[in-house]
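Working notes for the structure below.
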Amino acid sequence: MREIFTMWRDTRMIMLVAVVAAVYAAVLLPFKLFTIIPGITSVRPANVFPVIFSIMFGPAAAWGAAIGNLIGDIFGGTLGPGSIFGFLGNFFFGFVGYKLWGNLGPLSSGDEPDMRSGMQIVEYLAIAVASSAVCAAIIAWGVDLLGLVPFTVLGPTIMINNTLAAAVLGPPLLYLTYPRIKEMGLLYPEVMESGDLSAFGFAQPTVAGFGFLVVSLVWLALGTYALPPGSTGQMVLGAVGFVLMVVFGVIGSQGLPAVMDRTGIH
Amino acid sequence: MSTSPSLYVDRDTAIHRLTPRAKLALVSGLFVASYVFEHPLAVAVPLVTSFVALVWVGGWANFRRLRVIVVALFVVGLVVWPLFTPPGGPVVLSTPVLDVTRQQFLVALGRSERIAAFIVGGLLFVTTTSNEEIVSGLRSLGVPYAFCFAVGTALRLFPTLLGATGTVKQAQQARGHDLDAGSPVERIRNYVPLLIPVFMTAIRNVQTQSMALEARGFDTRGERTFYGQRTFGAADWVVAAFGLALVVGSVVLRYVVGVGTV
């Protein structure tokens, strides 16, 4: 998890944060496919960006997605206490992808994410589901805590919204852009120093990978079907879920540098 | 697409003249007051106060721009919350799906007002605070400079990319690209030819912009100054104290005196 902080030492990573944020916000606001709940959530094609940017730009995508969502709130006129949870949720939306790629055990393709094989698409889809679930659970928990919209309503809608856009648009976008980004030398394992990317000695990348996937889905299911909105149980479930996400972030590590090392590219 | 996506209104009102920290303290007080109370009459106080202040600082046009969202959220709150609130008191509305009791209606109305109060409070802040002030305000709150720089750069890049997004959309449509054609999945896929040019145009500049920054001695570790940075004056202290008093007063009224419950 140290890369989340060490990335701020590199000018190119800082610029990537700014560009990711601006692109995310610029596509988020004008393009809306279907409205799920009027004024609350719609299927937006921009929701593919945190996931694919995460796989390519690593921690810059996590910060970029968080800032991009905040800019969307500022320019969209919806800045408020809910923006704190929007920031956190979108941070994890852009955080999970690079932690999971290459770290999903039997689901991992062992390849770079250029979407040239069926196994890569399976791995990508698992990441899209996990990223969307983490984001949905955090935002729905926060908005429920604020007493604005019940978890039961918002959790599944954000999950559907994010998963649809990320799953449908992600593979073709990665297929077309990954080779070009790699050619530009902007993949995070190439931009960041290897020391800044090193994991902790106690890292358990596969445990963390499956932890993100399973815990986020369980959190979403329990929050939606088992606990009433605004209840103490909902509050505790969210707190436990959030702490677990941070723990998985700490014990996880990024898989793409290892994949690139194995293939002799890095 | 509007030429300026910013909601900032350049006026010289007392709220505009405050530092971003003081404005943040003020809207935080309004947010807390909107949050702690349940009863619609109590939540109406911060809502109306925020709305009057918004109109006074010249934010009526911004509110009109967002009225559909505010109304939609208000209605969704009114419809959804009775389903998750225990019944109590007489039935005030009978529908084929649910009999809405007085308690359910009051809770739903209070929650809807809270949503509106949050939006109007946030709108008050962005109407009176420019992007540059938001960034310098973040720095004055102790947020690291590198983060503030990224936010500031993103805020500057955003209108350019928004314009580029509109241009790409028009260019593809002029070539016969129909975004609304096909099944729902096909409609999502239709966005691929739009997203790639926007994304690649922005990313292509990262290398050159980074080199330009480093050539000018860009360093995130040193202490930086901001053009137009304001000192925290007497008016700011008064407003910050008022914001704090709003927070404390609301909490005491709600949890000690018991005002604003349903």
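Going through the structure tokens in order, the chains are called A, B, and so on, while each chain numbers its residues from 1 and the ligands are numbered from 1 in the order shown.
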
Residues of chain A within 6 Å of chain B, using only C-alpha atoms, as a PyMOL selection string? chain A and resi 11-12+18+21-22+26+38-39+75+77-80

Output all heavy atoms for every residue in that selection, as a tab-separated table (two decimals), in the first residue's frame.
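Written output follows (result.tsv):
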chain	number	residue	atom	x	y	z
A	11	THR	N	6.92	13.06	-10.81
A	11	THR	CA	6.16	14.08	-11.55
A	11	THR	C	5.18	13.46	-12.54
A	11	THR	O	4.04	13.93	-12.69
A	11	THR	CB	7.12	15.02	-12.31
A	11	THR	OG1	8.14	15.43	-11.41
A	11	THR	CG2	6.42	16.24	-12.84
A	12	ARG	N	5.62	12.39	-13.23
A	12	ARG	CA	4.71	11.80	-14.23
A	12	ARG	C	3.49	11.17	-13.56
A	12	ARG	O	2.39	11.22	-14.11
A	12	ARG	CB	5.46	10.75	-15.07
A	12	ARG	CG	6.28	11.39	-16.18
A	12	ARG	CD	6.84	10.36	-17.12
A	12	ARG	NE	7.77	9.46	-16.43
A	12	ARG	CZ	8.31	8.38	-16.99
A	12	ARG	NH1	8.00	8.06	-18.23
A	12	ARG	NH2	9.14	7.62	-16.31
A	18	ALA	N	-3.70	13.95	-12.32
A	18	ALA	CA	-4.47	15.10	-12.82
A	18	ALA	C	-5.23	14.74	-14.10
A	18	ALA	O	-6.41	15.08	-14.25
A	18	ALA	CB	-3.54	16.28	-13.05
A	21	ALA	N	-8.07	12.26	-13.47
A	21	ALA	CA	-9.18	12.96	-12.82
A	21	ALA	C	-9.96	13.79	-13.83
A	21	ALA	O	-11.20	13.76	-13.85
A	21	ALA	CB	-8.65	13.85	-11.70
A	22	ALA	N	-9.23	14.53	-14.67
A	22	ALA	CA	-9.91	15.41	-15.63
A	22	ALA	C	-10.68	14.61	-16.68
A	22	ALA	O	-11.81	14.95	-17.02
A	22	ALA	CB	-8.88	16.32	-16.30
A	26	ALA	N	-14.61	14.72	-17.12
A	26	ALA	CA	-15.07	15.28	-18.40
A	26	ALA	C	-15.99	14.31	-19.15
A	26	ALA	O	-16.83	14.74	-19.92
A	26	ALA	CB	-13.88	15.64	-19.28
A	38	PRO	N	-33.70	8.54	-10.86
A	38	PRO	CA	-33.53	9.92	-11.31
A	38	PRO	C	-32.77	10.76	-10.28
A	38	PRO	O	-33.11	10.76	-9.10
A	38	PRO	CB	-34.96	10.44	-11.47
A	38	PRO	CG	-35.81	9.22	-11.56
A	38	PRO	CD	-35.11	8.14	-10.82
A	39	GLY	N	-31.75	11.46	-10.74
A	39	GLY	CA	-30.97	12.34	-9.88
A	39	GLY	C	-29.95	11.64	-9.03
A	39	GLY	O	-29.09	12.28	-8.43
A	75	PHE	N	-18.49	20.59	-10.21
A	75	PHE	CA	-19.09	21.18	-11.42
A	75	PHE	C	-20.54	20.74	-11.62
A	75	PHE	O	-21.31	21.43	-12.29
A	75	PHE	CB	-18.25	20.81	-12.65
A	75	PHE	CG	-16.97	21.60	-12.75
A	75	PHE	CD1	-15.79	21.09	-12.26
A	75	PHE	CD2	-16.97	22.86	-13.32
A	75	PHE	CE1	-14.61	21.81	-12.34
A	75	PHE	CE2	-15.80	23.60	-13.39
A	75	PHE	CZ	-14.61	23.08	-12.90
A	77	GLY	N	-22.63	20.41	-9.17
A	77	GLY	CA	-23.44	21.06	-8.14
A	77	GLY	C	-23.93	20.12	-7.05
A	77	GLY	O	-24.87	20.43	-6.33
A	78	THR	N	-23.28	18.97	-6.91
A	78	THR	CA	-23.73	18.02	-5.87
A	78	THR	C	-22.67	17.84	-4.78
A	78	THR	O	-22.64	16.80	-4.12
A	78	THR	CB	-24.08	16.65	-6.50
A	78	THR	OG1	-23.02	16.25	-7.35
A	78	THR	CG2	-25.35	16.72	-7.30
A	79	LEU	N	-21.83	18.87	-4.59
A	79	LEU	CA	-20.82	18.81	-3.53
A	79	LEU	C	-21.52	18.86	-2.17
A	79	LEU	O	-22.36	19.72	-1.94
A	79	LEU	CB	-19.84	19.98	-3.67
A	79	LEU	CG	-18.65	19.99	-2.75
A	79	LEU	CD1	-17.64	18.93	-3.17
A	79	LEU	CD2	-17.96	21.35	-2.74
A	80	GLY	N	-21.18	17.94	-1.29
A	80	GLY	CA	-21.80	17.91	0.03
A	80	GLY	C	-21.15	16.84	0.88
A	80	GLY	O	-20.13	16.26	0.48

So that I can check the secondary structure, give me every residue of stretch 58-199 of chain A assigned helix (DSSP H, G or I) by backbone DSSP, as a PyMOL selection string. chain A and resi 59-76+82-93+96-100+105-107+118-145+151-184+188-191+194-197

Dump as a compact mmCIF listing (two decimals), in the first residue's frame, selection limited to C-alpha atoms:
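Final file, result.txt:
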# COMPACT_ATOMS: atom_id res chain seq x y z
CA PRO A 59 -2.08 4.24 -7.74
CA ALA A 60 -2.44 7.30 -10.01
CA ALA A 61 -5.82 5.90 -11.07
CA ALA A 62 -6.98 5.51 -7.46
CA TRP A 63 -6.25 9.16 -6.63
CA GLY A 64 -7.40 10.28 -10.08
CA ALA A 65 -10.77 8.55 -9.82
CA ALA A 66 -11.32 10.03 -6.35
CA ILE A 67 -10.41 13.56 -7.46
CA GLY A 68 -12.33 13.17 -10.74
CA ASN A 69 -15.49 12.25 -8.86
CA LEU A 70 -14.97 15.26 -6.57
CA ILE A 71 -14.60 17.53 -9.61
CA GLY A 72 -17.79 15.99 -10.99
CA ASP A 73 -19.52 16.97 -7.73
CA ILE A 74 -18.06 20.51 -7.82
CA PHE A 75 -19.09 21.18 -11.42
CA GLY A 76 -22.27 19.12 -11.20
CA GLY A 82 -21.85 12.61 0.53
CA SER A 83 -18.84 13.68 -1.54
CA ILE A 84 -16.54 12.35 1.22
CA PHE A 85 -17.88 8.85 0.65
CA GLY A 86 -17.90 9.44 -3.12
CA PHE A 87 -14.20 10.26 -2.81
CA LEU A 88 -13.47 7.12 -0.77
CA GLY A 89 -15.63 4.85 -2.94
CA ASN A 90 -14.07 6.06 -6.17
CA PHE A 91 -10.60 5.85 -4.64
CA PHE A 92 -11.20 2.12 -4.09
CA PHE A 93 -12.86 1.86 -7.53
CA VAL A 96 -8.70 -2.57 -6.57
CA GLY A 97 -7.83 -3.18 -10.24
CA TYR A 98 -4.04 -2.99 -10.04
CA LYS A 99 -4.04 -4.91 -6.75
CA LEU A 100 -5.98 -7.79 -8.33
CA GLY A 105 -4.79 -17.36 -8.42
CA PRO A 106 -6.62 -19.69 -10.85
CA LEU A 107 -8.56 -16.75 -12.29
CA GLY A 118 -10.26 -15.40 -23.09
CA MET A 119 -8.51 -15.89 -19.74
CA GLN A 120 -7.51 -12.24 -19.66
CA ILE A 121 -11.14 -11.26 -20.19
CA VAL A 122 -12.23 -13.58 -17.34
CA GLU A 123 -9.61 -12.01 -15.06
CA TYR A 124 -10.69 -8.53 -16.14
CA LEU A 125 -14.38 -9.30 -15.49
CA ALA A 126 -13.59 -10.54 -11.98
CA ILE A 127 -11.73 -7.27 -11.37
CA ALA A 128 -14.60 -5.21 -12.79
CA VAL A 129 -17.04 -6.96 -10.43
CA ALA A 130 -14.78 -6.58 -7.37
CA SER A 131 -13.98 -2.90 -8.08
CA SER A 132 -17.64 -2.08 -8.65
CA ALA A 133 -18.75 -3.93 -5.52
CA VAL A 134 -16.19 -2.18 -3.29
CA CYS A 135 -17.16 1.22 -4.68
CA ALA A 136 -20.89 0.51 -4.38
CA ALA A 137 -20.62 -0.80 -0.82
CA ILE A 138 -18.57 2.17 0.43
CA ILE A 139 -20.76 4.86 -1.18
CA ALA A 140 -24.04 3.15 -0.24
CA TRP A 141 -22.81 2.73 3.35
CA GLY A 142 -21.82 6.40 3.59
CA VAL A 143 -25.01 7.73 2.05
CA ASP A 144 -27.05 5.44 4.32
CA LEU A 145 -25.10 6.75 7.35
CA PHE A 151 -28.24 1.09 1.33
CA THR A 152 -30.85 -1.33 -0.07
CA VAL A 153 -31.63 1.10 -2.88
CA LEU A 154 -28.24 2.63 -3.64
CA GLY A 155 -25.90 -0.37 -3.21
CA PRO A 156 -27.34 -2.53 -6.02
CA THR A 157 -27.89 0.46 -8.35
CA ILE A 158 -24.26 1.61 -8.15
CA MET A 159 -23.13 -2.01 -8.50
CA ILE A 160 -25.18 -2.50 -11.70
CA ASN A 161 -24.18 0.89 -13.06
CA ASN A 162 -20.43 0.41 -12.54
CA THR A 163 -20.30 -3.26 -13.52
CA LEU A 164 -22.23 -2.77 -16.78
CA ALA A 165 -20.03 0.05 -18.02
CA ALA A 166 -16.77 -1.53 -16.85
CA ALA A 167 -17.57 -5.03 -18.14
CA VAL A 168 -18.86 -4.00 -21.57
CA LEU A 169 -16.42 -1.20 -22.38
CA GLY A 170 -13.28 -2.39 -20.56
CA PRO A 171 -12.07 -5.26 -22.79
CA PRO A 172 -12.29 -3.35 -26.12
CA LEU A 173 -10.74 -0.22 -24.59
CA LEU A 174 -7.84 -2.19 -23.09
CA TYR A 175 -7.42 -4.13 -26.34
CA LEU A 176 -7.02 -0.88 -28.26
CA THR A 177 -5.18 1.32 -25.77
CA TYR A 178 -2.95 -0.92 -23.64
CA PRO A 179 -0.30 -1.47 -26.38
CA ARG A 180 -0.15 2.27 -27.05
CA ILE A 181 0.17 3.23 -23.38
CA LYS A 182 2.92 0.63 -23.04
CA GLU A 183 4.68 2.06 -26.07
CA MET A 184 4.54 5.51 -24.45
CA TYR A 188 2.95 2.34 -13.67
CA PRO A 189 5.64 -0.38 -13.29
CA GLU A 190 7.70 1.57 -15.84
CA VAL A 191 7.06 5.02 -14.40
CA SER A 194 10.74 -0.55 -8.13
CA GLY A 195 11.58 0.39 -4.50
CA ASP A 196 8.48 2.60 -4.37
CA LEU A 197 6.38 -0.33 -5.58

Using backbone DSSP assignments, extract all strand (DSSP E) residues from stretch 83-183 of chain B; output them as a ChimeraX atom specification. /B:91-94,99-101

For the selection you just gave me, I'd like the residues written to a file as a PDB file, in the first residue's frame, keeping all heavy atoms.
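Generated file (again_7.pdb):
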ATOM      1  N   VAL B  91     -52.900   7.135   9.588  1.00  0.00           N
ATOM      2  CA  VAL B  91     -52.551   7.028   8.164  1.00  0.00           C
ATOM      3  C   VAL B  91     -52.880   8.362   7.491  1.00  0.00           C
ATOM      4  O   VAL B  91     -53.982   8.882   7.618  1.00  0.00           O
ATOM      5  CB  VAL B  91     -53.347   5.876   7.496  1.00  0.00           C
ATOM      6  CG1 VAL B  91     -53.109   5.865   5.988  1.00  0.00           C
ATOM      7  CG2 VAL B  91     -52.953   4.540   8.106  1.00  0.00           C
ATOM      8  N   VAL B  92     -51.880   8.924   6.801  1.00  0.00           N
ATOM      9  CA  VAL B  92     -52.111  10.211   6.131  1.00  0.00           C
ATOM     10  C   VAL B  92     -52.263  10.051   4.626  1.00  0.00           C
ATOM     11  O   VAL B  92     -52.759  10.928   3.940  1.00  0.00           O
ATOM     12  CB  VAL B  92     -50.976  11.226   6.426  1.00  0.00           C
ATOM     13  CG1 VAL B  92     -50.996  11.667   7.872  1.00  0.00           C
ATOM     14  CG2 VAL B  92     -49.608  10.667   6.046  1.00  0.00           C
ATOM     15  N   LEU B  93     -51.789   8.921   4.108  1.00  0.00           N
ATOM     16  CA  LEU B  93     -51.898   8.685   2.669  1.00  0.00           C
ATOM     17  C   LEU B  93     -52.062   7.189   2.425  1.00  0.00           C
ATOM     18  O   LEU B  93     -51.238   6.393   2.894  1.00  0.00           O
ATOM     19  CB  LEU B  93     -50.634   9.204   1.953  1.00  0.00           C
ATOM     20  CG  LEU B  93     -50.591   9.052   0.436  1.00  0.00           C
ATOM     21  CD1 LEU B  93     -51.602   9.974  -0.240  1.00  0.00           C
ATOM     22  CD2 LEU B  93     -49.197   9.361  -0.092  1.00  0.00           C
ATOM     23  N   SER B  94     -53.114   6.831   1.710  1.00  0.00           N
ATOM     24  CA  SER B  94     -53.350   5.417   1.449  1.00  0.00           C
ATOM     25  C   SER B  94     -53.081   5.137  -0.026  1.00  0.00           C
ATOM     26  O   SER B  94     -53.674   5.754  -0.907  1.00  0.00           O
ATOM     27  CB  SER B  94     -54.800   5.088   1.820  1.00  0.00           C
ATOM     28  OG  SER B  94     -54.935   3.701   1.938  1.00  0.00           O
ATOM     29  N   ASP B  99     -49.800   1.962   3.131  1.00  0.00           N
ATOM     30  CA  ASP B  99     -50.466   3.045   3.853  1.00  0.00           C
ATOM     31  C   ASP B  99     -49.386   3.857   4.552  1.00  0.00           C
ATOM     32  O   ASP B  99     -48.656   3.323   5.396  1.00  0.00           O
ATOM     33  CB  ASP B  99     -51.439   2.470   4.887  1.00  0.00           C
ATOM     34  CG  ASP B  99     -52.694   1.920   4.221  1.00  0.00           C
ATOM     35  OD1 ASP B  99     -52.985   2.322   3.081  1.00  0.00           O
ATOM     36  OD2 ASP B  99     -53.361   1.066   4.828  1.00  0.00           O
ATOM     37  N   VAL B 100     -49.289   5.134   4.207  1.00  0.00           N
ATOM     38  CA  VAL B 100     -48.238   5.974   4.788  1.00  0.00           C
ATOM     39  C   VAL B 100     -48.770   6.625   6.052  1.00  0.00           C
ATOM     40  O   VAL B 100     -49.766   7.356   6.013  1.00  0.00           O
ATOM     41  CB  VAL B 100     -47.758   7.048   3.781  1.00  0.00           C
ATOM     42  CG1 VAL B 100     -46.654   7.912   4.393  1.00  0.00           C
ATOM     43  CG2 VAL B 100     -47.264   6.405   2.495  1.00  0.00           C
ATOM     44  N   THR B 101     -48.099   6.356   7.181  1.00  0.00           N
ATOM     45  CA  THR B 101     -48.516   6.951   8.446  1.00  0.00           C
ATOM     46  C   THR B 101     -47.860   8.321   8.622  1.00  0.00           C
ATOM     47  O   THR B 101     -46.944   8.677   7.861  1.00  0.00           O
ATOM     48  CB  THR B 101     -48.131   6.047   9.627  1.00  0.00           C
ATOM     49  OG1 THR B 101     -46.705   5.970   9.670  1.00  0.00           O
ATOM     50  CG2 THR B 101     -48.731   4.654   9.501  1.00  0.00           C
TER      51      THR B 101
END

Might you pull out every residue within 12 Å of B:Arg11, with only C-alpha atoms counted and same-chain residues fewer than 2 positions away left off, and present them as a list in words? Tyr8, Val9, Thr13, Ala14, Ile15, His16, Arg17, Trp56, Val57, Gly58, Gly59, Thr127, Thr128, Thr129 and Ser130 of chain B

List as a list in words the protein and nucleic acid residues near B:Leu41, meaning an atom at most 12 Å away when only C-alpha atoms are counted, but skip any in the same chain fewer than 4 places from it.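 Once the nearby chain positions are removed, what remains is Ser34, Phe37, Val45, Pro46, Leu47, Val48, Leu106, Val107, Leu109, Gly110, Arg111, Glu113, Arg114, Val259, Gly260, Thr261 and Val262 of chain B.
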
Kindly save the residues from that selection, with N, CA, C and O atoms included, as an mmCIF file, in the first residue's frame.
data_model
loop_
_atom_site.group_PDB
_atom_site.id
_atom_site.type_symbol
_atom_site.label_atom_id
_atom_site.label_comp_id
_atom_site.auth_asym_id
_atom_site.auth_seq_id
_atom_site.Cartn_x
_atom_site.Cartn_y
_atom_site.Cartn_z
ATOM 1 N N SER B 34 -28.485 20.317 9.255
ATOM 2 C CA SER B 34 -29.424 19.564 8.396
ATOM 3 C C SER B 34 -29.422 18.085 8.744
ATOM 4 O O SER B 34 -30.416 17.394 8.548
ATOM 5 N N PHE B 37 -31.122 16.915 12.783
ATOM 6 C CA PHE B 37 -32.567 16.963 13.022
ATOM 7 C C PHE B 37 -33.311 16.013 12.089
ATOM 8 O O PHE B 37 -32.881 15.766 10.966
ATOM 9 N N VAL B 45 -35.062 24.870 8.612
ATOM 10 C CA VAL B 45 -34.320 26.083 9.008
ATOM 11 C C VAL B 45 -32.976 26.178 8.254
ATOM 12 O O VAL B 45 -32.729 27.175 7.563
ATOM 13 N N PRO B 46 -32.087 25.158 8.340
ATOM 14 C CA PRO B 46 -30.845 25.272 7.550
ATOM 15 C C PRO B 46 -31.092 25.267 6.042
ATOM 16 O O PRO B 46 -30.350 25.922 5.300
ATOM 17 N N LEU B 47 -32.149 24.569 5.602
ATOM 18 C CA LEU B 47 -32.445 24.536 4.157
ATOM 19 C C LEU B 47 -32.801 25.932 3.658
ATOM 20 O O LEU B 47 -32.230 26.416 2.664
ATOM 21 N N VAL B 48 -33.732 26.592 4.364
ATOM 22 C CA VAL B 48 -34.167 27.930 3.931
ATOM 23 C C VAL B 48 -33.013 28.926 4.061
ATOM 24 O O VAL B 48 -32.786 29.760 3.176
ATOM 25 N N LEU B 106 -43.426 12.165 7.906
ATOM 26 C CA LEU B 106 -42.545 13.200 8.465
ATOM 27 C C LEU B 106 -41.069 12.830 8.287
ATOM 28 O O LEU B 106 -40.240 13.676 7.943
ATOM 29 N N VAL B 107 -40.751 11.534 8.521
ATOM 30 C CA VAL B 107 -39.353 11.105 8.346
ATOM 31 C C VAL B 107 -38.936 11.284 6.883
ATOM 32 O O VAL B 107 -37.868 11.832 6.583
ATOM 33 N N LEU B 109 -40.204 13.284 4.594
ATOM 34 C CA LEU B 109 -40.102 14.699 4.240
ATOM 35 C C LEU B 109 -38.812 15.304 4.806
ATOM 36 O O LEU B 109 -38.109 16.065 4.128
ATOM 37 N N GLY B 110 -38.509 14.948 6.057
ATOM 38 C CA GLY B 110 -37.275 15.436 6.696
ATOM 39 C C GLY B 110 -36.037 14.989 5.923
ATOM 40 O O GLY B 110 -35.115 15.776 5.693
ATOM 41 N N ARG B 111 -36.030 13.717 5.498
ATOM 42 C CA ARG B 111 -34.873 13.201 4.748
ATOM 43 C C ARG B 111 -34.749 13.900 3.390
ATOM 44 O O ARG B 111 -33.658 14.215 2.937
ATOM 45 N N GLU B 113 -35.777 16.888 2.667
ATOM 46 C CA GLU B 113 -35.289 18.252 2.925
ATOM 47 C C GLU B 113 -33.792 18.230 3.210
ATOM 48 O O GLU B 113 -33.058 19.138 2.813
ATOM 49 N N ARG B 114 -33.332 17.182 3.893
ATOM 50 C CA ARG B 114 -31.902 17.064 4.198
ATOM 51 C C ARG B 114 -31.084 16.959 2.904
ATOM 52 O O ARG B 114 -30.070 17.625 2.754
ATOM 53 N N VAL B 259 -35.012 18.622 20.676
ATOM 54 C CA VAL B 259 -35.739 19.337 19.616
ATOM 55 C C VAL B 259 -35.513 18.630 18.277
ATOM 56 O O VAL B 259 -34.459 18.061 18.031
ATOM 57 N N GLY B 260 -36.510 18.657 17.413
ATOM 58 C CA GLY B 260 -36.325 18.201 16.030
ATOM 59 C C GLY B 260 -36.447 16.714 15.817
ATOM 60 O O GLY B 260 -36.010 16.204 14.798
ATOM 61 N N THR B 261 -37.040 16.009 16.778
ATOM 62 C CA THR B 261 -37.257 14.566 16.574
ATOM 63 C C THR B 261 -38.658 14.335 15.995
ATOM 64 O O THR B 261 -39.531 15.203 16.082
ATOM 65 N N VAL B 262 -38.869 13.165 15.447
ATOM 66 C CA VAL B 262 -40.206 12.832 14.920
ATOM 67 C C VAL B 262 -40.879 11.873 15.886
ATOM 68 O O VAL B 262 -40.302 10.859 16.248
#

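Residues in contact with A:Gly201 at 12 Å, where only C-alpha atoms are counted and same-chain residues fewer than 2 positions away are skipped, are listed as Met1, Ser198, Ala199, Ala203, Gln204, Pro205, Val250, Ile251, Gly252 and Ser253 of chain A.
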
Write a file of the just-selected residues containing all heavy atoms, as a CSV table (one decimal), in the first residue's frame.
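Once everything was written out, this is part_39.csv:
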chain,number,residue,atom,x,y,z
A,1,MET,N,0.8,-1.2,0.0
A,1,MET,CA,0.0,0.0,0.0
A,1,MET,C,0.9,1.3,0.0
A,1,MET,O,0.4,2.3,-0.2
A,1,MET,CB,-0.9,0.0,1.2
A,1,MET,CG,-2.0,1.1,1.2
A,1,MET,SD,-3.6,0.4,1.7
A,1,MET,CE,-4.6,1.8,1.7
A,198,SER,N,7.6,-1.7,-4.0
A,198,SER,CA,7.8,-3.0,-3.2
A,198,SER,C,6.7,-3.2,-2.2
A,198,SER,O,6.2,-2.2,-1.5
A,198,SER,CB,9.1,-3.0,-2.6
A,198,SER,OG,9.2,-1.9,-1.7
A,199,ALA,N,6.2,-4.4,-2.0
A,199,ALA,CA,5.2,-4.8,-1.1
A,199,ALA,C,5.8,-5.0,0.3
A,199,ALA,O,7.1,-5.2,0.4
A,199,ALA,CB,4.5,-6.0,-1.5
A,203,ALA,N,3.2,-9.5,2.9
A,203,ALA,CA,2.2,-9.4,1.9
A,203,ALA,C,1.6,-10.8,1.5
A,203,ALA,O,2.3,-11.8,1.4
A,203,ALA,CB,2.8,-8.7,0.6
A,204,GLN,N,0.3,-10.8,1.3
A,204,GLN,CA,-0.4,-12.0,0.8
A,204,GLN,C,-1.3,-11.6,-0.3
A,204,GLN,O,-2.5,-11.5,-0.2
A,204,GLN,CB,-1.3,-12.6,2.0
A,204,GLN,CG,-0.5,-13.1,3.2
A,204,GLN,CD,0.3,-14.3,2.9
A,204,GLN,OE1,-0.1,-15.1,2.1
A,204,GLN,NE2,1.4,-14.5,3.6
A,205,PRO,N,-0.7,-11.4,-1.5
A,205,PRO,CA,-1.4,-10.9,-2.6
A,205,PRO,C,-2.7,-11.6,-3.0
A,205,PRO,O,-3.7,-11.0,-3.3
A,205,PRO,CB,-0.4,-10.9,-3.8
A,205,PRO,CG,0.9,-11.0,-3.1
A,205,PRO,CD,0.7,-11.7,-1.9
A,250,VAL,N,-3.4,-3.2,2.4
A,250,VAL,CA,-2.0,-3.3,3.0
A,250,VAL,C,-1.3,-4.6,2.7
A,250,VAL,O,-0.2,-4.6,2.4
A,250,VAL,CB,-2.2,-3.1,4.5
A,250,VAL,CG1,-0.8,-3.3,5.2
A,250,VAL,CG2,-2.6,-1.7,4.8
A,251,ILE,N,-2.1,-5.7,2.8
A,251,ILE,CA,-1.4,-7.0,2.6
A,251,ILE,C,-1.4,-7.4,1.1
A,251,ILE,O,-0.7,-8.4,0.8
A,251,ILE,CB,-2.1,-8.2,3.4
A,251,ILE,CG1,-3.5,-8.4,2.9
A,251,ILE,CG2,-2.1,-7.9,4.9
A,251,ILE,CD1,-4.1,-9.8,3.5
A,252,GLY,N,-2.0,-6.6,0.3
A,252,GLY,CA,-2.0,-6.9,-1.2
A,252,GLY,C,-0.7,-6.4,-1.8
A,252,GLY,O,0.0,-5.6,-1.2
A,253,SER,N,-0.5,-6.8,-3.0
A,253,SER,CA,0.6,-6.1,-3.8
A,253,SER,C,0.2,-6.1,-5.3
A,253,SER,O,-0.7,-6.8,-5.7
A,253,SER,CB,1.9,-6.9,-3.6
A,253,SER,OG,2.0,-8.0,-4.5

Nearest residue to A:Phe210 out of A:Pro45, A:Gly58, A:Pro150, A:Gly249, using only C-alpha atoms?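 Among the listed residues, A:Gly249 lies closest to A:Phe210.
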